[in-house]
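Everything below concerns the one structure shown next.
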Amino acid sequence: MSIYDTLNEQQKRAVFQTEGPVLILAGAGSGKTRVLTHRVAYLIDQCNVNPWNIMAITFTNKAAGEMRERVDDIVGFGSDSIWVSTFHSTCVRILRRYIDRLGFDHNFTIYDTDDQKTVMKDICKKLQIDTKMLKERTILGAISSAKDELISPLTYEMQAAGDFTKQRIAGAYKEYQAALKKSNALDFDDLIVKTVELFQACPDVLEYYQDRFRYIMVDEYQDTNTAQFELIRLLASKSRNLCVVGDDDQSIYKFRGANIRNILDFEKVYPEAVVIKLEQNYRSTQNVLDAANAVIRNNVGRKDKALWTDHGAGALLHFKQFDSAYDEAQYVVEDIAKKKRERIADYSDCAILFRTNAQARVMEERFVVAGIPYDVVGGTNFYARREIKDLLAYLKTIDNGRDDVAVKRIINVPKRGIGATTLTRVQEYADERNISFYDALREADQIMTIGKSAAKLTPFVTMIQTFRSKLEYYSLEELIKDVLETTGYVAQLEASDEEDAESRMENIDELISKIVSYEETHDEPSLSEFLEEVALVADIDGVNEDDNKVLLMTLHSAKGLEFPHVYLAGMEDGVFPSYMTITSDDPAEIEEERRLAYVGITRAKEDLTITCARSRMIRGETQYNPVSRFVKEIPPALLDQKVPGIKHKDFEDYAEDSYERSHFKAKPFGMGTTQEKPGIFDKEKLSRLQEEGTGMSGEEFFRKAKPGMVTVSSLGNGLGATRVPGEAMPKPKAVVTPKRTSLQNKPFLSKAQDGASALAGLAGVSKGAPAAGGSLDYSEGDRVRHIKYGEGTVLKIEEGPRDFQVTVEFDGAGQKVMYAAFAKLKKV
DNA sequence: CGTACTAGTCTTTTT
DNA sequence: GACTAGTACG
């Protein structure tokens with residue numbers, strides 16, 4: 001009995017087909033990771049391939065980590081020399097070694113979207129581009145798309161002929177690349193592009209890696225863009241042992257340049273390719289799969305396949321529509337609480353998936369109130385928070401003085417009385433001499449134009465230089481603590497009476513512990529490497545499956561994951577599929593959304609609950625949306641509840657026969673423009689809803705909502721979102737919306753997100769002067785009162801680097817650790 | 001030079 | 001609704 005006996009026939013074929021190009025079309029839950037890991041094992045064990053010659057590429061660090069772990073489990077030796085990593089880290093690793101061939105320094109920095117925008121702003125000013133007409137975002141988006149397609153500034157310029165906007169973008173593109181080069185920086189897209197350029201320019205380097213990577217495997221191949229395709233093509237062109245795994249039905253990253261043709265045309269590029277389809281699903285029940293199959297069947301231009309399982313039909317899918325997003329959230333949270341109570345499921349068995357990050361909010365509020373532990377994946381990246389970016393900018397400056405963006409970010413943070421005029425002068429000086437901003441600072445006393453201000457700049461330079469020299473014998477932990485202290489960053493934060501100062505502190509502590517754990521887990525920790533790891537983390541990477549928490553995330557983040565109990569929330573036309581795609585005249589966009597729906601449905605192992613709301617607040621505007629078309633594409637027999645009969649004939653017809661259609665037919669309701677007609681909802685229901693939700697009487701609402709006032713927006717299919725134009729809906733009176741403060745700024749995937757502590761954050765009360773340095777009017781063993789938690793006993797008081805950390809056992813809320821300065825505990 | 005306030009924008013999805 | 005960039009003011 002070998003480890004391969006547990007595989008099914010197709011999986012075996014995929015594992016044993018080691019030579020030449022292989023395309024594995026792996027449906028959701030068909031065990032592709034198993035195939036990949038067994039394939040690696042087979043190569044090493046049976047084919048005597050040196051682990052050193054094997055490369056596996058994934059899209060996220062999490063996927064890479066899992067793969068390495070599982071290979072470790074079966075191979076047992078040599079697995080650390082297998083190259084398992086993401087596209088981006090692979091490229092960084094190669095570039096760190098060879099980028100000098102392209103005229104960069106080895107310690108280049110990686111710019112995130114924020115940094116990119118800063119650079120682009122400067123460029124727009126320089127090129128006198130009116131950012132009202134042409135936004136930085138747009139330009140950067142265009143540049144990013146160009147890079148995804150390996151289009152250089154020069155080529156872009158040539159293609160821009162005759163198009164004024166494109167010409168402007170071309171100019172900006174050129175300047176942007178020059179600016180990055182000057183700062184010795186690369187953006188995300190550059191990581192791939194520059195590696196391809198390197199391979200094209202230096203055949204010896206390419207050959208080195210071709211000889212090294214004799215067996216290449218690429219996961220989630222449907223998500224590769226043209227640049228990534230080319231990178232892989234170059235690497236594999238010598239050995240041709242390229243095995244790609246993907247599912248065209250799960251291609252959901254077109255907006256990021258993913259080219260679905262890469263997988264659809266694989267056999268054209270590699271005519272000798274062996275194609276293997278994995279259709280047996282080991283994850284879900286047949287009902288879940290039937291639903292997924294029925295939905296995805298409405299797409300054209302896909303490789304035909306149908307998932308099946310021998311798991312049995314399983315439970316029906318649950319469907320529920322609610323009056324408001326609050327009710328929806330309430331239901332989901334209660335349902336999870338019920339499952340937990342009845343021991344049907346643990347918290348970590350449940351995940352809530354939605355289309356947009358913003359939808360997490362309403363859910364979060366309910367979870368906090370219910371006291372159920374949860375984690376939100378994504379949203380604002382931990383490393384994108386202001387205080388974290390500030391500190392990283394210090395580290396970057398110490399690491400690479402050529403990074404102008406970093407230097408300018410911190411030159412006056414904390415305030416050093418250095419103003420805009422001084423900065424402009426310094427920049428002019430730097431431009432004249434073609435030196436970096438930081439180098440200009442070093443010569444501050446030479447800059448005639450700034451006069452006395454030079455005196456403010458010199459201490460900054462001295463400080464940075466000191467950090468640099470200390471770095472020789474310093475640990476990174478010591479460095480960051482030194483930075484926090486010497487710059488006065490913490491002192492400033494403590495002195496500020498900003499509401500979120502406390503959560504900022506927590507974030508900083510979180511950063512320190514990340515640095516510490518980085519140092520602990522790496523043999524030769526370096527500042528550059530730390531900064532690089534930090535730049536390349538994905539939201540999903542931080543998810544810890546061992547925590548017993550409900551996970552909230554977007555459908556995009558959920559790809560590759562599975563949960564026994566899945567809730568698909570916000571299934572409304574206008575939300576999902578999004579308004580943008582419904583109004584778009586490119587039918588491919590709806591298809592991409594449908595693939596996203598397919599991804600969502602197939603995340604469920606046992607139980608799938610689909611919910612939607614009749615009304616929902618989106619960007620401060622209440623919208624009324626019909627049930628998502630994707631729900632209507634699910635055969636009614638698979639749902640435990642009928643998709644509600646909306647009093648609109650066409651709509652009903654559409655719902656009724658959608659399952660019968662092999663493909664989404666021409667829209668039954670006239671395309672597009674804004675039409676004046678009353679809403680499509682049952683008037684009574686809507687009236688009741690208005691009364692409950694907005695405080696307006698049903699009468700009043702309908703007076704405002706008469707035809708001519710209510711706009712059925714141009715959703716193309718006439719089913720649109722209705723709203724009262726130009727008039728913001730009054731706040732729902734029945735619903736308490738707690739102010740979010742520290743929750744918003746909570747450390748990325750913070751550890752203790754229990755209800756009580758989060759509730760304290762929601763109350764947003766912690767202001768006040770810090771007690772640091774002084775003494776406390778209570779001591780260990782004393783009884784104290786906290787504004788939110790009530791009374792408790794002080795267990796421990798520890799003197800931290802900048803404040804006392806007080807551990808209190810509260811009578812109601814349990815044990816908490818808090819900063820004395822913020823907790824404002826009163827002795828009783 | 002630093003701040004407090006206002007007006008405008010926005011993400012749909014992310015390495 | 002929330003966040004941000006820009007401006008007017010001290």
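By convention here, the chains of the structure tokens are called A, B, ... in the order presented, each chain's residues are numbered starting at 1, and ligands are numbered starting at 1 in the order presented.
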
Worksheet entry | chain B residues near chain A (9 Å cut-off, only C-alpha atoms (C1' of nucleotides)) as JSON, numbers by chain | {"B": [1, 2, 10, 11, 12, 13, 14, 15]}

Item to complete: Could you list the residues in chain A lying within 9 Å of chain C, using only C-alpha atoms (C1' of nucleotides), and format the result as a list in words?
Response: Met617, Ile618, Arg619, Gly620 and Glu621 of chain A

Write out the residues from the selection above, keeping N, CA and C atoms, as a PDB file, in the first residue's frame.
ATOM      1  N   MET A 617     -27.891  50.067   3.229  1.00  0.00           N
ATOM      2  CA  MET A 617     -27.211  51.358   3.126  1.00  0.00           C
ATOM      3  C   MET A 617     -25.883  51.173   2.419  1.00  0.00           C
ATOM      4  N   ILE A 618     -25.727  51.834   1.291  1.00  0.00           N
ATOM      5  CA  ILE A 618     -24.458  51.740   0.583  1.00  0.00           C
ATOM      6  C   ILE A 618     -23.925  53.141   0.335  1.00  0.00           C
ATOM      7  N   ARG A 619     -22.777  53.388   0.838  1.00  0.00           N
ATOM      8  CA  ARG A 619     -22.149  54.707   0.750  1.00  0.00           C
ATOM      9  C   ARG A 619     -23.118  55.815   1.139  1.00  0.00           C
ATOM     10  N   GLY A 620     -23.756  55.606   2.280  1.00  0.00           N
ATOM     11  CA  GLY A 620     -24.614  56.638   2.829  1.00  0.00           C
ATOM     12  C   GLY A 620     -25.931  56.797   2.109  1.00  0.00           C
ATOM     13  N   GLU A 621     -26.261  55.835   1.308  1.00  0.00           N
ATOM     14  CA  GLU A 621     -27.480  55.926   0.520  1.00  0.00           C
ATOM     15  C   GLU A 621     -28.244  54.612   0.659  1.00  0.00           C
TER      16      GLU A 621
END

Practice prompt. Do a neighbour search on Val550 (chain A) at 8 Å with only C-alpha atoms (C1' of nucleotides), toss out local chain neighbours closer than 6 positions, and write the hits as a list in words.
Written response: Tyr347, Ser348, Asp349, Cys350, Ala351, Ile352, Ile372, Pro373, Tyr374 and Asp375 of chain A

Residues from the last selection, N, CA and C atoms, saved as a short mmCIF file (atom, residue, chain, number, x, y, z; two decimals), in the first residue's frame:
data_model
loop_
_atom_site.label_atom_id
_atom_site.label_comp_id
_atom_site.auth_asym_id
_atom_site.auth_seq_id
_atom_site.Cartn_x
_atom_site.Cartn_y
_atom_site.Cartn_z
N TYR A 347 -17.72 27.76 16.24
CA TYR A 347 -17.59 29.05 15.55
C TYR A 347 -16.68 28.93 14.33
N SER A 348 -15.57 28.19 14.53
CA SER A 348 -14.60 28.13 13.43
C SER A 348 -15.10 27.31 12.24
N ASP A 349 -16.25 26.66 12.40
CA ASP A 349 -16.83 25.94 11.27
C ASP A 349 -17.62 26.87 10.36
N CYS A 350 -17.79 28.09 10.81
CA CYS A 350 -18.68 29.00 10.09
C CYS A 350 -17.91 30.14 9.44
N ALA A 351 -18.34 30.49 8.25
CA ALA A 351 -17.77 31.64 7.57
C ALA A 351 -18.88 32.42 6.91
N ILE A 352 -18.74 33.73 6.93
CA ILE A 352 -19.69 34.58 6.24
C ILE A 352 -18.97 35.24 5.08
N ILE A 372 -19.93 37.03 20.21
CA ILE A 372 -19.38 35.87 19.51
C ILE A 372 -18.04 36.24 18.90
N PRO A 373 -17.02 35.42 19.13
CA PRO A 373 -15.70 35.75 18.58
C PRO A 373 -15.67 35.65 17.05
N TYR A 374 -15.04 36.60 16.44
CA TYR A 374 -15.00 36.60 14.97
C TYR A 374 -13.71 37.26 14.52
N ASP A 375 -13.38 37.05 13.27
CA ASP A 375 -12.27 37.76 12.65
C ASP A 375 -12.70 38.25 11.29
#
